[in-house]
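What follows is coords-v4.txt (compact mmCIF, C-alpha atoms).
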# COMPACT_ATOMS: atom_id res chain seq x y z
CA MET A 18 -5.05 -48.02 -254.62
CA GLN A 19 -4.93 -50.14 -251.44
CA THR A 20 -8.69 -50.76 -251.74
CA ASN A 21 -8.29 -52.06 -255.29
CA VAL A 22 -5.46 -54.39 -254.23
CA LEU A 23 -7.52 -55.74 -251.33
CA TYR A 24 -10.54 -56.28 -253.61
CA THR A 25 -8.38 -58.14 -256.13
CA LEU A 26 -6.97 -60.41 -253.39
CA LEU A 27 -10.44 -61.15 -252.01
CA LEU A 28 -11.78 -61.87 -255.50
CA SER A 29 -8.91 -64.23 -256.36
CA THR A 30 -9.36 -66.09 -253.07
CA THR A 31 -13.09 -66.51 -253.73
CA LEU A 32 -12.50 -67.74 -257.27
CA ALA A 33 -9.82 -70.17 -256.09
CA ALA A 34 -12.25 -71.69 -253.60
CA GLN A 35 -15.02 -72.10 -256.15
CA VAL A 36 -14.89 -75.77 -257.15
CA ARG A 37 -17.68 -77.68 -258.83
CA PRO A 38 -19.32 -80.13 -256.38
CA LEU A 39 -18.76 -83.81 -257.10
CA HIS A 40 -21.19 -85.01 -259.77
CA THR A 41 -19.72 -88.53 -259.63
CA ARG A 42 -17.27 -90.50 -257.50
CA ASP A 43 -15.45 -91.88 -260.55
CA LEU A 44 -11.88 -90.54 -260.42
CA THR A 45 -11.57 -90.59 -264.22
CA ARG A 46 -14.57 -88.28 -264.67
CA LEU A 47 -13.46 -85.63 -262.18
CA SER A 48 -11.34 -82.57 -262.87
CA GLN A 49 -8.03 -81.77 -261.20
CA PRO A 50 -9.63 -79.13 -258.90
CA GLN A 51 -12.38 -81.60 -257.90
CA ILE A 52 -9.87 -84.33 -257.04
CA ALA A 53 -7.64 -81.93 -255.15
CA GLU A 54 -10.63 -80.68 -253.16
CA GLN A 55 -11.74 -84.26 -252.44
CA LEU A 56 -8.29 -85.11 -251.07
CA ARG A 57 -8.63 -82.29 -248.56
CA THR A 58 -11.25 -84.36 -246.73
CA SER A 59 -10.75 -87.98 -247.82
CA ASP A 60 -7.87 -90.15 -249.02
CA ILE A 61 -10.10 -93.19 -249.69
CA ILE A 62 -10.32 -94.89 -253.07
CA PHE A 63 -11.77 -98.24 -254.18
CA ILE A 64 -10.29 -100.19 -257.10
CA PRO A 65 -12.06 -103.19 -258.69
CA VAL A 66 -10.10 -106.16 -260.01
CA GLY A 67 -11.76 -108.68 -262.31
CA ALA A 68 -11.32 -110.81 -265.39
CA VAL A 69 -12.65 -111.11 -268.92
CA GLU A 70 -13.42 -114.75 -269.57
CA THR A 71 -16.09 -117.07 -270.87
CA ASN A 72 -19.16 -117.19 -268.67
CA GLY A 73 -21.35 -119.12 -271.06
CA ILE A 74 -24.18 -116.87 -272.23
CA GLU A 75 -23.45 -114.29 -269.54
CA PRO A 76 -21.19 -111.30 -270.37
CA SER A 77 -17.50 -112.12 -270.53
CA GLY A 78 -16.73 -109.11 -268.30
CA ARG A 79 -19.05 -110.30 -265.55
CA ASP A 80 -16.29 -110.84 -263.01
CA TYR A 81 -15.15 -107.24 -263.40
CA ILE A 82 -18.65 -105.77 -263.22
CA TYR A 83 -19.28 -107.42 -259.86
CA PRO A 84 -16.37 -105.68 -258.04
CA LEU A 85 -16.96 -102.45 -259.97
CA ALA A 86 -20.51 -102.31 -258.59
CA TYR A 87 -19.23 -102.93 -255.05
CA ALA A 88 -16.53 -100.28 -255.51
CA MET A 89 -19.09 -97.71 -256.66
CA THR A 90 -21.40 -98.52 -253.76
CA MET A 91 -18.61 -98.49 -251.18
CA ALA A 92 -17.39 -95.12 -252.47
CA GLU A 93 -20.85 -93.66 -251.92
CA GLU A 94 -21.13 -95.25 -248.49
CA SER A 95 -17.75 -93.92 -247.30
CA LYS A 96 -17.72 -90.64 -249.26
CA GLY A 97 -14.58 -91.75 -251.07
CA LEU A 98 -13.81 -92.21 -254.77
CA PHE A 99 -13.50 -95.22 -257.04
CA SER A 100 -11.30 -95.79 -260.04
CA PRO A 101 -11.06 -98.35 -262.84
CA GLY A 102 -8.56 -100.98 -261.80
CA LEU A 103 -7.66 -104.20 -263.58
CA VAL A 104 -10.39 -105.26 -266.00
CA TRP A 105 -8.55 -108.44 -267.00
CA SER A 106 -6.48 -110.56 -264.68
CA TYR A 107 -5.48 -114.22 -264.72
CA PRO A 108 -8.59 -116.13 -265.89
CA GLY A 109 -7.58 -119.52 -264.52
CA THR A 110 -9.46 -122.54 -265.84
CA THR A 111 -11.01 -120.73 -268.84
CA SER A 112 -7.82 -119.79 -270.69
CA LEU A 113 -8.69 -121.91 -273.73
CA ALA A 114 -11.90 -119.99 -274.59
CA SER A 115 -11.97 -117.26 -277.24
CA ALA A 116 -13.80 -114.96 -274.80
CA SER A 117 -11.05 -115.25 -272.19
CA ILE A 118 -8.24 -112.69 -272.01
CA TYR A 119 -5.09 -114.26 -270.60
CA VAL A 120 -2.92 -112.13 -268.34
CA SER A 121 -0.49 -113.88 -266.01
CA PRO A 122 -0.81 -113.37 -262.24
CA GLN A 123 2.64 -111.76 -262.22
CA ALA A 124 1.71 -109.24 -264.93
CA GLY A 125 -1.48 -108.32 -263.11
CA THR A 126 0.38 -107.90 -259.83
CA GLN A 127 2.94 -105.58 -261.43
CA PHE A 128 0.26 -103.45 -263.07
CA LEU A 129 -1.70 -103.06 -259.84
CA LYS A 130 1.44 -102.29 -257.88
CA GLN A 131 2.34 -99.46 -260.23
CA LEU A 132 -1.21 -98.16 -259.91
CA ALA A 133 -1.00 -98.37 -256.11
CA HIS A 134 2.30 -96.45 -256.06
CA SER A 135 0.81 -93.75 -258.28
CA LEU A 136 -2.31 -93.41 -256.17
CA LEU A 137 -0.20 -93.12 -253.03
CA ARG A 138 1.90 -90.35 -254.59
CA GLN A 139 -1.31 -88.60 -255.58
CA GLY A 140 -2.51 -88.64 -251.96
CA PHE A 141 -4.77 -91.71 -251.82
CA ARG A 142 -3.35 -93.48 -248.80
CA ARG A 143 -6.39 -95.62 -247.97
CA GLN A 144 -6.66 -97.87 -251.01
CA VAL A 145 -9.13 -100.75 -251.16
CA TYR A 146 -8.89 -103.37 -253.90
CA ILE A 147 -11.99 -105.50 -254.52
CA SER A 148 -12.64 -108.77 -256.32
CA ALA A 149 -15.85 -110.81 -256.57
CA SER A 150 -16.90 -114.02 -258.29
CA HIS A 151 -13.35 -114.75 -259.45
CA GLY A 152 -11.46 -117.55 -257.71
CA PRO A 153 -7.90 -116.85 -258.99
CA ALA A 154 -8.02 -113.14 -257.99
CA PRO A 155 -6.01 -113.59 -254.74
CA LEU A 156 -3.04 -114.79 -256.80
CA THR A 157 -2.88 -111.29 -258.26
CA VAL A 158 -4.37 -108.95 -255.66
CA GLY A 159 -3.29 -110.64 -252.44
CA THR A 160 0.29 -110.86 -253.66
CA MET A 161 0.28 -107.19 -254.66
CA VAL A 162 -1.08 -105.97 -251.31
CA ARG A 163 1.62 -107.78 -249.37
CA GLU A 164 4.46 -106.75 -251.71
CA PHE A 165 3.28 -103.13 -251.67
CA PHE A 166 3.37 -103.08 -247.87
CA GLU A 167 6.90 -104.52 -247.82
CA GLU A 168 8.03 -101.80 -250.22
CA THR A 169 6.24 -98.80 -248.71
CA GLN A 170 5.17 -99.83 -245.19
CA VAL A 171 1.72 -98.48 -246.09
CA PRO A 172 -1.10 -100.96 -245.38
CA ILE A 173 -3.66 -101.10 -248.17
CA LEU A 174 -6.67 -103.39 -248.11
CA TYR A 175 -7.92 -106.26 -250.28
CA ILE A 176 -11.58 -107.27 -249.95
CA ASN A 177 -12.44 -110.58 -251.57
CA MET A 178 -16.24 -110.61 -251.72
CA ASP A 179 -16.13 -114.38 -252.25
CA MET A 180 -15.04 -114.58 -248.61
CA ILE A 181 -17.76 -112.17 -247.42
CA LEU A 182 -20.87 -113.43 -249.21
CA PRO A 183 -20.81 -117.02 -247.84
CA LYS A 184 -21.12 -115.56 -244.34
CA LEU A 185 -24.43 -113.92 -245.25
CA SER A 186 -27.78 -115.69 -245.26
CA LEU A 187 -28.43 -115.37 -248.99
CA ASP A 188 -30.71 -117.82 -250.73
CA ALA A 189 -30.27 -118.98 -254.34
CA ARG A 190 -32.62 -116.29 -255.67
CA GLN A 191 -30.71 -113.50 -253.94
CA ARG A 192 -27.36 -114.78 -255.19
CA GLU A 193 -28.71 -114.71 -258.74
CA ARG A 194 -30.05 -111.18 -258.30
CA LEU A 195 -26.61 -109.89 -257.33
CA LEU A 196 -25.55 -110.32 -260.96
CA TYR A 197 -28.44 -108.15 -262.14
CA GLY A 198 -27.85 -105.59 -259.41
CA ALA A 199 -24.17 -105.26 -260.36
CA HIS A 200 -25.05 -104.69 -264.02
CA ALA A 201 -27.78 -102.20 -263.10
CA ILE A 202 -25.46 -100.16 -260.85
CA THR A 203 -22.85 -99.99 -263.63
CA SER A 204 -25.46 -99.21 -266.34
CA ARG A 205 -24.87 -102.50 -268.17
CA LEU A 206 -28.13 -104.29 -267.53
CA GLU A 207 -28.78 -104.85 -271.24
CA ASP A 208 -25.66 -107.03 -271.44
CA LEU A 209 -27.56 -109.80 -269.64
CA PRO A 210 -29.57 -112.00 -272.00
CA LEU A 211 -33.29 -112.67 -271.97
CA LYS A 212 -34.95 -116.05 -272.17
CA GLY A 213 -34.89 -117.21 -275.78
CA ASP A 214 -31.88 -115.13 -276.87
CA TYR A 215 -29.84 -118.34 -277.23
CA GLY A 216 -30.86 -121.79 -278.36
CA PRO A 217 -29.86 -125.12 -276.72
CA ALA A 218 -27.28 -125.84 -279.42
CA VAL A 219 -25.31 -122.78 -278.30
CA THR A 220 -25.58 -123.15 -274.55
CA GLN A 221 -24.70 -126.84 -274.19
CA ALA A 222 -21.27 -128.45 -274.39
CA PRO A 223 -20.77 -131.14 -277.04
CA PRO A 224 -22.09 -134.49 -275.75
CA GLU A 225 -18.96 -136.38 -276.82
CA ILE A 226 -16.85 -134.68 -274.13
CA PRO A 227 -16.71 -137.05 -271.11
CA GLU A 228 -16.66 -135.94 -267.49
CA ASN A 229 -13.27 -135.42 -265.88
CA GLU A 230 -13.54 -138.15 -263.26
CA GLY A 231 -10.21 -137.33 -261.62
CA LEU A 232 -11.11 -133.68 -261.12
CA LYS A 233 -14.55 -134.69 -259.85
CA GLU A 234 -13.01 -136.99 -257.25
CA LEU A 235 -10.44 -134.37 -256.17
CA GLY A 236 -13.33 -131.94 -255.70
CA LYS A 237 -15.15 -134.39 -253.45
CA LEU A 238 -11.99 -134.74 -251.38
CA GLY A 239 -11.70 -130.94 -251.09
CA LEU A 240 -8.49 -130.90 -253.10
CA SER A 241 -9.46 -128.75 -256.08
CA GLY A 242 -9.85 -125.05 -256.75
CA SER A 243 -8.31 -122.08 -258.52
CA LEU A 244 -5.54 -121.71 -255.94
CA THR A 245 -4.75 -125.38 -255.37
CA LEU A 246 -4.79 -127.27 -258.66
CA GLY A 247 -3.95 -126.72 -262.30
CA SER A 248 -6.92 -127.42 -264.56
CA TRP A 249 -8.79 -126.20 -267.63
CA ILE A 250 -12.44 -126.46 -268.49
CA PRO A 251 -13.08 -129.03 -271.26
CA HIS A 252 -15.24 -126.69 -273.36
CA SER A 253 -15.84 -122.93 -273.64
CA MET A 254 -19.46 -123.31 -272.45
CA ALA A 255 -18.52 -125.38 -269.39
CA HIS A 256 -17.99 -122.29 -267.20
CA GLY A 257 -20.59 -119.80 -266.03
CA GLY A 258 -24.05 -119.81 -267.51
CA ALA A 259 -27.36 -118.79 -266.00
CA ALA A 260 -29.75 -120.93 -263.98
CA THR A 261 -32.74 -118.75 -264.85
CA LEU A 262 -33.27 -115.88 -267.26
CA PRO A 263 -35.78 -113.02 -267.29
CA ALA A 264 -38.48 -113.33 -269.92
CA THR A 265 -38.80 -109.61 -270.72
CA THR A 266 -36.83 -106.37 -270.42
CA ALA A 267 -39.28 -105.24 -267.72
CA GLU A 268 -38.56 -108.36 -265.68
CA ARG A 269 -34.82 -107.86 -266.18
CA GLU A 270 -35.14 -104.30 -264.88
CA ALA A 271 -37.09 -105.52 -261.86
CA TRP A 272 -34.37 -108.05 -261.11
CA GLY A 273 -31.81 -105.26 -261.48
CA LYS A 274 -33.60 -103.10 -258.90
CA GLU A 275 -33.87 -106.05 -256.52
CA GLY A 276 -30.17 -106.82 -256.91
CA THR A 277 -29.20 -103.16 -256.52
CA ASN A 278 -30.99 -102.92 -253.20
CA LEU A 279 -29.36 -106.15 -252.07
CA ILE A 280 -25.84 -104.94 -252.93
CA ARG A 281 -26.44 -101.69 -251.06
CA GLN A 282 -27.71 -103.65 -248.07
CA ILE A 283 -24.63 -105.90 -248.11
CA VAL A 284 -22.28 -102.91 -248.26
CA ARG A 285 -24.10 -101.24 -245.36
CA GLU A 286 -23.77 -104.40 -243.29
CA MET A 287 -20.04 -104.47 -244.04
CA LYS A 288 -19.71 -101.13 -242.19
CA ILE A 289 -17.29 -99.69 -244.72
CA PRO A 290 -16.94 -96.23 -243.07
CA GLN A 291 -15.98 -97.97 -239.82
CA ALA A 292 -13.54 -100.19 -241.69
CA MET A 293 -11.92 -97.12 -243.28
CA GLN A 294 -11.44 -95.54 -239.85
CA ALA A 295 -9.90 -98.77 -238.60
CA LEU A 296 -7.57 -98.91 -241.62
CA GLN A 297 -6.40 -95.37 -240.85
CA LYS A 298 -5.76 -96.22 -237.19
CA HIS A 299 -3.84 -99.34 -238.21
CA ASP A 300 -1.71 -97.24 -240.55
CA GLN A 301 -1.01 -94.66 -237.85
CA PHE A 302 -0.03 -97.36 -235.35
CA THR A 303 2.23 -98.98 -237.94
CA GLN A 304 4.03 -95.70 -238.70
CA LYS A 305 4.44 -94.75 -235.03
CA TRP A 306 5.33 -98.02 -233.34
CA ILE A 307 6.51 -100.52 -235.95
CA VAL A 308 8.20 -98.77 -238.88
CA PRO A 309 10.79 -96.87 -236.75
CA LYS A 310 11.95 -100.19 -235.26
CA SER A 311 11.90 -102.22 -238.48
CA PRO A 312 15.18 -103.22 -240.16
CA LYS A 313 16.47 -100.70 -242.64
CA ARG A 314 15.77 -101.64 -246.23
CA PRO A 315 18.73 -101.83 -248.64

When written as structure tokens, how does the structure in this file appear?
Amino acid sequence: MQTNVLYTLLLSTTLAAQVRPLHTRDLTRLSQPQIAEQLRTSDIIFIPVGAVETNGIEPSGRDYIYPLAYAMTMAEESKGLFSPGLVWSYPGTTSLASASIYVSPQAGTQFLKQLAHSLLRQGFRRQVYISASHGPAPLTVGTMVREFFEETQVPILYINMDMILPKLSLDARQRERLLYGAHAITSRLEDLPLKGDYGPAVTQAPPEIPENEGLKELGKLGLSGSLTLGSWIPHSMAHGGAATLPATTAEREAWGKEGTNLIRQIVREMKIPQAMQALQKHDQFTQKWIVPKSPKRP
């Protein structure tokens, strides 16, 4: 009788420990046992924040695909997970276009903050929010990160790739390939058009629209931008667009591979695993030395 009980206990322990290995790092595609097992070794998660807006003949979700690709790559590099974040945030200057989804900065901040609170309760303490190729993003993400810290005293991180990329020695060709790499990593390469898919009548703004001389002058003086001045584009095709297009699907795939390798190289150079260790140390210091001495919250 005792032997049977012991065998049953050993069998149940073995079965309980049998969890399918991660087949993806996408939180939404993993089972409860897989996520629970992942949290035993890592509390890291990456969340992309983008916008859906007119980008000329480029996909309207371009500015979400960029950070999604970085989130996926960073998750692999750090052995963490990634999760869908905010597909649409405040579009800024493109609000008048039919391709642009308008969500106010405040609404985006509240959504992300609720997501951050949920992820923290679930066990994801090291949260990294990412934006790329979207100027107004700090209005939403930067505000959320600071407010979340004031509410929880847990430091989470915002990486704005638009602040990282200018520091790298990327030429014009490489900057263009990043778009193709992002769409290749996220399995959306076919969303990018080929040469000849659109005619000039579609891609050009109406000639009767004059140039905004005031905005042009403010730009020369360094007094314009998504975070400094209210403005709209004069026409739905006046934002985004592509300097060059691949002629064939084979060329588009080649550009995708080139861009994929470049994104992986950039993420490696960012030393994400080291950054995650530093974030953890910063959190530990904050909890030990700062939070106990901070004023009590009402």

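Using all atoms listed in the file for every distance, the candidate list A:Pro227, A:Pro38, A:Pro155, A:Gly242 yields A:Pro38 as the residue closest to Ile52 (chain A).
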
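Picture a line from CA of Leu129 (chain A) to CA of Pro153 (chain A); it runs 15.1 Å.
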
>> Using all atoms listed in the file, can you tell me which of A:Leu240, A:Leu136, A:Phe302, A:Ala149 comes closest to Tyr81 (chain A)?
In response: A:Ala149

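Our summary of the geometry notes that CA of Glu164 (chain A) is positioned 12.6 Å from CA of Phe128 (chain A).
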
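Across the structure, CA of Arg281 (chain A) and CA of Pro76 (chain A) are spaced 22.2 Å apart.
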